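Novice: Handing over work.txt, compact mmCIF, C-alpha atoms.
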# COMPACT_ATOMS: atom_id res chain seq x y z
CA PRO A 1 0.00 0.00 0.00
CA VAL A 2 1.03 3.55 -0.70
CA ASP A 3 0.28 5.97 2.11
CA ASN A 4 1.85 9.12 0.70
CA ALA A 5 0.08 9.28 -2.68
CA THR A 6 -0.93 12.66 -4.01
CA TRP A 7 -4.58 11.72 -4.48
CA TYR A 8 -5.62 15.04 -6.05
CA ALA A 9 -3.17 14.80 -8.99
CA PRO A 10 -5.55 12.84 -11.28
CA MET A 11 -8.31 15.35 -10.54
CA PHE A 12 -5.98 18.23 -11.37
CA TYR A 13 -5.00 16.43 -14.59
CA GLY A 14 -8.67 15.83 -15.47
CA LEU A 15 -9.48 19.48 -14.82
CA GLN A 16 -6.69 20.44 -17.22
CA ILE A 17 -8.18 18.13 -19.88
CA TYR A 18 -11.60 19.74 -19.33
CA ASP A 19 -10.04 23.20 -19.66
CA VAL A 20 -8.28 22.36 -22.92
CA VAL A 21 -11.37 20.70 -24.40
CA SER A 22 -13.52 23.72 -23.52
CA ASP A 23 -10.91 26.05 -25.08
CA VAL A 24 -10.86 23.95 -28.26
CA ASN A 25 -14.67 24.00 -28.33
CA LEU A 26 -14.78 27.79 -27.90
CA THR A 27 -12.20 28.26 -30.66
CA TYR A 28 -14.15 25.94 -32.95
CA GLU A 29 -17.41 27.82 -32.34
CA ILE A 30 -15.80 31.23 -32.96
CA VAL A 31 -14.11 30.06 -36.17
CA LEU A 32 -17.37 28.44 -37.31
CA ALA A 33 -19.30 31.66 -36.65
CA ALA A 34 -16.65 33.60 -38.57
CA SER A 35 -16.89 31.25 -41.53
CA TYR A 36 -20.70 31.61 -41.63
CA ARG A 37 -20.68 35.37 -41.13
CA GLU A 38 -22.88 36.02 -44.17
CA CYS A 39 -26.32 34.57 -44.83
CA ASP A 40 -26.91 32.13 -47.65
CA GLU A 41 -30.52 31.99 -48.82
CA SER A 42 -30.07 28.50 -50.30
CA ASN A 43 -29.35 26.86 -46.95
CA ALA A 44 -32.09 27.54 -44.43
CA ASP A 45 -30.42 25.43 -41.71
CA GLN A 46 -27.27 27.56 -41.70
CA TYR A 47 -26.78 29.85 -38.72
CA CYS A 48 -26.80 33.47 -39.81
CA PRO A 49 -25.66 36.23 -37.43
CA ARG A 50 -27.57 39.48 -37.47
CA ASP A 51 -24.76 41.78 -38.51
CA GLY A 52 -26.77 44.51 -40.18
CA ASN A 53 -26.80 43.26 -43.75
CA ILE A 54 -27.59 46.64 -45.26
CA PRO A 55 -27.73 46.52 -49.07
CA GLY A 56 -24.92 48.55 -50.57
CA PHE A 57 -23.03 48.68 -47.24
CA ASP A 58 -22.33 45.08 -46.26
CA ASP A 59 -20.30 43.28 -48.94
CA PRO A 60 -20.49 39.47 -48.43
CA ASN A 61 -16.92 39.10 -49.70
CA LYS A 62 -15.35 41.57 -47.25
CA TRP A 63 -14.99 41.95 -43.49
CA ASP A 64 -16.66 45.35 -43.49
CA THR A 65 -18.93 45.63 -40.45
CA TYR A 66 -17.75 46.10 -36.88
CA GLN A 67 -19.34 42.80 -35.87
CA GLU A 68 -17.51 40.92 -38.64
CA ILE A 69 -14.19 42.54 -37.73
CA ALA A 70 -14.71 41.75 -34.04
CA LEU A 71 -15.53 38.14 -34.96
CA LEU A 72 -12.38 37.87 -37.08
CA VAL A 73 -10.20 39.33 -34.30
CA SER A 74 -11.80 36.98 -31.78
CA ALA A 75 -11.19 33.94 -34.02
CA ILE A 76 -7.54 34.85 -34.60
CA GLY A 77 -6.98 35.62 -30.90
CA SER A 78 -8.64 32.40 -29.78
CA VAL A 79 -6.51 30.28 -32.12
CA ILE A 80 -3.31 32.07 -31.03
CA PHE A 81 -4.10 31.82 -27.30
CA LEU A 82 -4.82 28.10 -27.72
CA LEU A 83 -1.86 27.05 -29.89
CA VAL A 84 0.96 29.15 -28.39
CA PRO A 85 0.62 27.89 -24.78
CA TYR A 86 0.00 24.36 -26.06
CA GLY A 87 3.26 24.54 -28.00
CA PHE A 88 5.07 25.97 -24.97
CA ASN A 89 3.81 23.07 -22.85
CA VAL A 90 5.08 20.46 -25.29
CA GLY A 91 8.38 22.35 -25.47
CA GLN A 92 8.63 22.38 -21.66
CA ALA A 93 7.95 18.63 -21.59
CA VAL A 94 10.92 18.09 -23.88
CA LYS A 95 13.12 20.37 -21.70
CA ILE A 96 12.19 18.74 -18.36
CA PRO A 97 15.12 16.24 -18.44
CA LYS A 98 17.60 19.16 -18.44
CA LYS A 99 15.82 20.77 -15.48
CA ILE A 100 15.96 17.61 -13.36
CA GLN A 101 19.42 16.34 -14.30
CA HIS A 102 20.72 16.81 -10.73
CA ASN A 103 18.19 14.23 -9.44
CA THR A 104 19.50 10.78 -10.41
CA MET A 105 16.25 8.89 -9.77
CA ALA A 106 14.14 11.44 -11.69
CA ARG A 107 16.62 11.44 -14.57
CA LYS A 108 16.46 7.63 -14.83
CA TRP A 109 12.67 7.75 -14.62
CA MET A 110 12.56 10.34 -17.41
CA GLU A 111 14.86 8.23 -19.61
CA GLN A 112 12.50 5.31 -19.19
CA TYR A 113 9.13 7.10 -19.44
CA GLN A 114 9.77 10.29 -21.44
CA THR A 115 7.64 9.18 -24.40
CA LEU A 116 4.69 8.39 -22.16
CA PHE A 117 5.21 11.63 -20.23
CA ILE A 118 5.16 13.68 -23.45
CA PHE A 119 2.00 11.83 -24.48
CA LEU A 120 0.38 12.87 -21.18
CA VAL A 121 1.37 16.49 -21.86
CA VAL A 122 0.04 16.39 -25.42
CA PHE A 123 -3.22 14.78 -24.24
CA CYS A 124 -3.98 17.30 -21.49
CA GLY A 125 -2.17 20.35 -22.86
CA GLY A 126 -0.33 20.99 -19.59
CA CYS A 127 3.18 20.07 -18.53
CA TYR A 128 2.73 20.71 -14.80
CA PRO A 129 -0.42 18.56 -14.39
CA ALA A 130 1.39 15.72 -16.17
CA LEU A 131 4.34 16.18 -13.79
CA LEU A 132 1.97 16.02 -10.82
CA VAL A 133 0.45 12.78 -12.07
CA ALA A 134 3.88 11.32 -12.79
CA SER A 135 4.98 12.20 -9.24
CA SER A 136 1.78 11.19 -7.47
CA HIS A 137 2.90 7.75 -6.15
CA LEU A 138 -0.53 6.34 -7.05
CA PHE A 139 -1.22 2.62 -6.72
CA GLY A 140 2.48 1.80 -6.28
CA ILE A 141 2.94 1.79 -10.07
CA SER A 142 6.43 2.73 -11.22
CA PHE A 143 5.12 5.22 -13.78
CA PHE A 144 3.71 7.32 -10.94
CA GLU A 145 7.07 7.33 -9.09
CA SER A 146 9.09 9.97 -10.98
CA GLY A 147 11.44 10.59 -8.08
CA LEU A 148 10.74 14.33 -7.90
CA SER A 149 10.39 15.68 -4.38
CA LYS A 150 7.69 18.15 -3.35
CA PHE A 151 10.36 20.85 -3.24
CA GLU A 152 11.41 20.07 -6.84
CA LEU A 153 7.78 20.10 -7.96
CA THR A 154 7.32 23.47 -6.29
CA THR A 155 10.42 24.73 -8.08
CA LEU A 156 9.01 23.49 -11.39
CA SER A 157 5.60 25.08 -10.72
CA ASN A 158 6.65 28.22 -12.62
CA ILE A 159 5.92 26.13 -15.72
CA ARG A 160 2.22 26.38 -15.00
CA VAL A 161 2.26 30.20 -14.89
CA VAL A 162 4.15 30.59 -18.15
CA THR A 163 2.40 27.88 -20.15
CA THR A 164 -1.23 27.91 -19.02
CA VAL A 165 -3.54 26.98 -21.90
I need this file expressed as structure tokens, please.

Specialist:
Amino acid sequence: PVDNATWYAPMFYGLQIYDVVSDVNLTYEIVLAASYRECDESNADQYCPRDGNIPGFDDPNKWDTYQEIALLVSAIGSVIFLLVPYGFNVGQAVKIPKKIQHNTMARKWMEQYQTLFIFLVVFCGGCYPALLVASSHLFGISFFESGLSKFELTTLSNIRVVTTV
């Protein structure tokens, strides 16, 4: 039995997955709304925003109303603020072995499980939640025994501020 397991780590990891999925959903909805910004009479099921389609003023081929411009800026911003932190997190996952090289046990663990660790980061979009799970000592399974101390995890917690998706 393992008495010192960090029982909240899987919940934290799951919350990170929920956060990333909701961000992807929001980005998808904004991009979808931007792509259907003009009404098409032939498709009655298509969502059509009320953007003030004034004849002679609103050109369907241009982003010419304030609502359309705001939608375009929101779509671009949402994509950027999703992909940039996601990329930073994957980059941090690749750099973790250099940050823990002074800890022999953690270095050996990382050599053995780095591929799986990077998969966890890619799946949830967060490097720190994956580190917490990997250091949680759950069920006595060797994958959850990364060898990082609580002090080292606290030192690595700056990752979560810089790379939050």

Novice: Tell me which residues come within 12 Å of (4.4, 24.0, -29.2), as a list in words, counting only C-alpha atoms in the file's coordinates.

Specialist: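 Residues with an atom close enough to that point: Ile80, Phe81, Leu82, Leu83, Val84, Pro85, Tyr86, Gly87, Phe88, Asn89, Val90, Gly91, Gln92, Ala93, Val94, Ile118, Val121, Val122, Gly125, Gly126, Cys127, Thr163 and Val165 of chain A.
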
Novice: Please, what distance in Å, to one decimal, runs between atom CA of A:Ile141 and atom CA of A:Pro97?

Specialist: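 Computed distance, atom CA of A:Ile141 to atom CA of A:Pro97, equals 20.7 Å.
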
Novice: Using all atoms listed in the file, which residue out of A:Leu153, A:Leu148, A:Ala134, A:Cys124 lies closest to A:Ile17?

Specialist: A:Cys124

Novice: What's the separation between atom CA of A:Leu32 and atom CA of A:Leu72, in Å to one decimal place?

Specialist: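 For atom CA of A:Leu32 relative to atom CA of A:Leu72, the distance reads 10.7 Å.
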
Novice: Excluding A:His137 and any residue of its chain fewer than 3 positions from it, enumerate the residues within 12 Å of it, using only C-alpha atoms, and give them as an MDAnalysis selection string.

Specialist: chainID A and resid 1:10 131:134 140:150

Novice: What is the distance, in Å and to one decimal place, between atom CA of A:Phe123 and atom CA of A:Glu29?

Specialist: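 Atom CA of A:Glu29 lies at a distance of 20.9 Å from atom CA of A:Phe123.
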
Novice: Residues within 8 Å of A:Ala34, please, as number ranges by chain. Count all atoms listed in the file; anything in the same chain fewer than 4 positions from it doesn't count.

Specialist: A: 30, 68, 71-72, 75

Novice: Would you mind writing stretch 132-151 of chain A with N, CA and C atoms, as a PDB file, in the coordinates of the input?

Specialist:
ATOM      1  N   LEU A 132       2.633  16.396 -12.082  1.00  0.00           N
ATOM      2  CA  LEU A 132       1.970  16.020 -10.820  1.00  0.00           C
ATOM      3  C   LEU A 132       1.504  14.573 -10.845  1.00  0.00           C
ATOM      4  N   VAL A 133       0.914  14.153 -11.960  1.00  0.00           N
ATOM      5  CA  VAL A 133       0.450  12.780 -12.070  1.00  0.00           C
ATOM      6  C   VAL A 133       1.644  11.822 -12.034  1.00  0.00           C
ATOM      7  N   ALA A 134       2.701  12.182 -12.745  1.00  0.00           N
ATOM      8  CA  ALA A 134       3.880  11.320 -12.790  1.00  0.00           C
ATOM      9  C   ALA A 134       4.593  11.241 -11.439  1.00  0.00           C
ATOM     10  N   SER A 135       4.350  12.187 -10.562  1.00  0.00           N
ATOM     11  CA  SER A 135       4.980  12.200  -9.240  1.00  0.00           C
ATOM     12  C   SER A 135       3.992  11.913  -8.123  1.00  0.00           C
ATOM     13  N   SER A 136       2.849  11.338  -8.450  1.00  0.00           N
ATOM     14  CA  SER A 136       1.780  11.190  -7.470  1.00  0.00           C
ATOM     15  C   SER A 136       1.887   9.948  -6.586  1.00  0.00           C
ATOM     16  N   HIS A 137       2.727   8.993  -6.917  1.00  0.00           N
ATOM     17  CA  HIS A 137       2.900   7.750  -6.150  1.00  0.00           C
ATOM     18  C   HIS A 137       1.601   6.943  -6.059  1.00  0.00           C
ATOM     19  N   LEU A 138       0.761   7.035  -7.066  1.00  0.00           N
ATOM     20  CA  LEU A 138      -0.530   6.340  -7.050  1.00  0.00           C
ATOM     21  C   LEU A 138      -0.362   4.842  -7.301  1.00  0.00           C
ATOM     22  N   PHE A 139      -1.073   4.056  -6.539  1.00  0.00           N
ATOM     23  CA  PHE A 139      -1.220   2.620  -6.720  1.00  0.00           C
ATOM     24  C   PHE A 139       0.106   1.851  -6.672  1.00  0.00           C
ATOM     25  N   GLY A 140       1.188   2.471  -6.314  1.00  0.00           N
ATOM     26  CA  GLY A 140       2.480   1.800  -6.280  1.00  0.00           C
ATOM     27  C   GLY A 140       3.023   1.432  -7.647  1.00  0.00           C
ATOM     28  N   ILE A 141       2.500   2.063  -8.694  1.00  0.00           N
ATOM     29  CA  ILE A 141       2.940   1.790 -10.070  1.00  0.00           C
ATOM     30  C   ILE A 141       4.167   2.636 -10.358  1.00  0.00           C
ATOM     31  N   SER A 142       5.159   2.030 -11.007  1.00  0.00           N
ATOM     32  CA  SER A 142       6.430   2.730 -11.220  1.00  0.00           C
ATOM     33  C   SER A 142       6.289   3.979 -12.083  1.00  0.00           C
ATOM     34  N   PHE A 143       5.297   4.020 -12.966  1.00  0.00           N
ATOM     35  CA  PHE A 143       5.120   5.220 -13.780  1.00  0.00           C
ATOM     36  C   PHE A 143       4.786   6.440 -12.914  1.00  0.00           C
ATOM     37  N   PHE A 144       4.103   6.225 -11.822  1.00  0.00           N
ATOM     38  CA  PHE A 144       3.710   7.320 -10.940  1.00  0.00           C
ATOM     39  C   PHE A 144       4.761   7.626  -9.874  1.00  0.00           C
ATOM     40  N   GLU A 145       5.961   7.122 -10.028  1.00  0.00           N
ATOM     41  CA  GLU A 145       7.070   7.330  -9.090  1.00  0.00           C
ATOM     42  C   GLU A 145       8.226   8.013  -9.819  1.00  0.00           C
ATOM     43  N   SER A 146       8.066   9.282 -10.174  1.00  0.00           N
ATOM     44  CA  SER A 146       9.090   9.970 -10.980  1.00  0.00           C
ATOM     45  C   SER A 146      10.353  10.303 -10.191  1.00  0.00           C
ATOM     46  N   GLY A 147      10.269  10.283  -8.883  1.00  0.00           N
ATOM     47  CA  GLY A 147      11.440  10.590  -8.080  1.00  0.00           C
ATOM     48  C   GLY A 147      11.598  12.069  -7.761  1.00  0.00           C
ATOM     49  N   LEU A 148      10.680  12.899  -8.213  1.00  0.00           N
ATOM     50  CA  LEU A 148      10.740  14.330  -7.900  1.00  0.00           C
ATOM     51  C   LEU A 148      10.170  14.572  -6.503  1.00  0.00           C
ATOM     52  N   SER A 149      10.875  15.348  -5.721  1.00  0.00           N
ATOM     53  CA  SER A 149      10.390  15.680  -4.380  1.00  0.00           C
ATOM     54  C   SER A 149       9.364  16.808  -4.467  1.00  0.00           C
ATOM     55  N   LYS A 150       8.664  17.047  -3.377  1.00  0.00           N
ATOM     56  CA  LYS A 150       7.690  18.150  -3.350  1.00  0.00           C
ATOM     57  C   LYS A 150       8.385  19.483  -3.565  1.00  0.00           C
ATOM     58  N   PHE A 151       9.592  19.617  -3.042  1.00  0.00           N
ATOM     59  CA  PHE A 151      10.360  20.850  -3.240  1.00  0.00           C
ATOM     60  C   PHE A 151      10.688  21.042  -4.729  1.00  0.00           C
TER      61      PHE A 151
END
